Amino acid sequence: MSAKLPVFVDADSLNAVIGDPDVQIVAVDSPRDYAQVHIPGALQIAMTDFTTSAPPVAGLLPDTKRLAEAFSDAGLRNDAHIVAYDRAGDSQAARLLYTLDVMGHSAISLLDGGLAAWHQAGLALENGRPQHGASSFKVERQADGIADREWIRAHLNDDDVAFLDVRSAPEYAGTDVRSARGGHIPGAINLDWNLLKGDDGRLRPRSELLKIVADHDIESERDIVNYCQSHMRSSYTYLVLKHLGFDKVRGYPGAWSDWGNATDTPVSDTRDAS
């Protein structure tokens, strides 16, 4: 279906469509926290429902069968515009939306600022247990939104591909090491995802985002591969680039927990740079 809402939606705009049968709101939350408080009518799904791991690698995509089951169990519908939110800085909700997008469901939005923004707007909340098992969600893997380790190896020297590392500067430099090896994919551009947000934790205005992107030499003509540690922060930047009109955007599930824990991947760092 076509998008009913923009990629990033504010609390008041989302509140205006509560009750619209074509819109589903989903909280990326634990059942316990959801039961305590959630947006009225919201469904519930947990991060562990739509990601998997192969320690030490985290943030991998499950197979399509498991994802179809998880989305169906949560009650998501293929004919709905799905709006996700979380209480963890938007990265968990962004990861859900990335997963939906690369599974063929592009009618997606993120509640900008998450549950905190809803609270700040003074809008109604409710409590109660989540409802499950209400749909039969179909998925179809979209390979053009996914980069894995072998795809990246094959495109490391491709001038039409850029790697966007959205971790902190110390992680990128290799001084903050969160895998067997620190550093970054050779040639990757570093743009800390937090720079895309204002002091209130919400997305910066479009004009500011375009300047940040341009200042970091991120070009829409190239295939942009987003990654962080486990593809949560980089799911957010994936959505930001979609919001800005970038057509060729990929995510790297597993991300640095995959690349940095492999023994045979090339790694760059800037620890010795003067």
# chains A, B, ... in the order shown; residues from 1 in each chain; ligands from 1
$ select_by_dssp --residues "range 23-221 of chain A" --states "alpha helix (DSSP H)" --output "number ranges by chain"
A: 31-36, 47-50, 64-74, 91-102, 114-120, 149-155, 169-173, 206-215
$ residues_around --residues "Leu203 in chain A" --least-positions-apart "6" --cutoff "12 Å" --atoms "only C-alpha atoms" --output "number ranges by chain"
A: 7-10, 89-90, 110-114, 117, 193-197, 209, 236-237, 239-241, 243-244
$ atom_distance --atom1 "CA of Pro6 in chain A" --atom2 "CA of Val161 in chain A"
26.6 Å
$ closest_residue --among "A:Gly104, A:Pro31, A:Pro186, A:Gly201" --to "Arg129 in chain A" --atoms "only C-alpha atoms"
A:Pro31
$ residues_around --residues "Arg87 in chain A" --least-positions-apart "5" --cutoff "8 Å" --atoms "only C-alpha atoms" --output "ChimeraX atom specification"
/A:29,114-116
$ write_last_selection --atoms "C-alpha atoms" --output "PDB file, in the first residue's frame"
ATOM      1  CA  ASP A  29       8.649  -2.938  24.166  1.00  0.00           C
ATOM      2  CA  GLY A 114       9.083   7.896  20.955  1.00  0.00           C
ATOM      3  CA  LEU A 115       7.020   7.480  24.103  1.00  0.00           C
ATOM      4  CA  ALA A 116       8.791  10.458  25.719  1.00  0.00           C
TER       5      ALA A 116
END
$ residues_around --residues "Glu126 in chain A" --least-positions-apart "3" --cutoff "10 Å" --atoms "only C-alpha atoms" --output "PyMOL selection string"
chain A and resi 34-42
$ residues_around --residues "Ala147 in chain A" --least-positions-apart "4" --cutoff "12 Å" --atoms "only C-alpha atoms" --output "MDAnalysis selection string"
chainID A and resid 60:61 102 142:143 151:156 161:163 223:227 231 248:255 258:259
$ residues_around --residues "Lys138 in chain A" --least-positions-apart "4" --cutoff "10 Å" --atoms "only C-alpha atoms" --output "list in words"
Thr64, Lys65, Leu67, Ala68, Glu69, Phe71, Ser72, Leu76, Arg77, Asn78, Met103, Gly104 and His105 of chain A
$ closest_residue --among "A:Thr175, A:Gln24, A:Thr51, A:Gln120" --to "Ala107 in chain A" --atoms "only C-alpha atoms"
A:Gln24
$ atom_distance --atom1 "CA of Ala54 in chain A" --atom2 "CA of Ala70 in chain A"
18.7 Å
$ select_by_dssp --residues "range 14-112 of chain A" --states "strand (DSSP E or B)" --output "ChimeraX atom specification"
/A:23-28,38,43-45,52-54,57-60,81-85,108-111
$ closest_residue --among "A:Ser220, A:Arg32, A:Asn127, A:Gln44" --to "Gly75 in chain A" --atoms "only C-alpha atoms"
A:Gln44
$ atom_distance --atom1 "CA of Gly187 in chain A" --atom2 "CA of Gly260 in chain A"
15.0 Å
$ closest_residue --among "A:Asp165, A:Asp160, A:Asp73, A:Glu219" --to "Met232 in chain A" --atoms "only C-alpha atoms"
A:Asp165
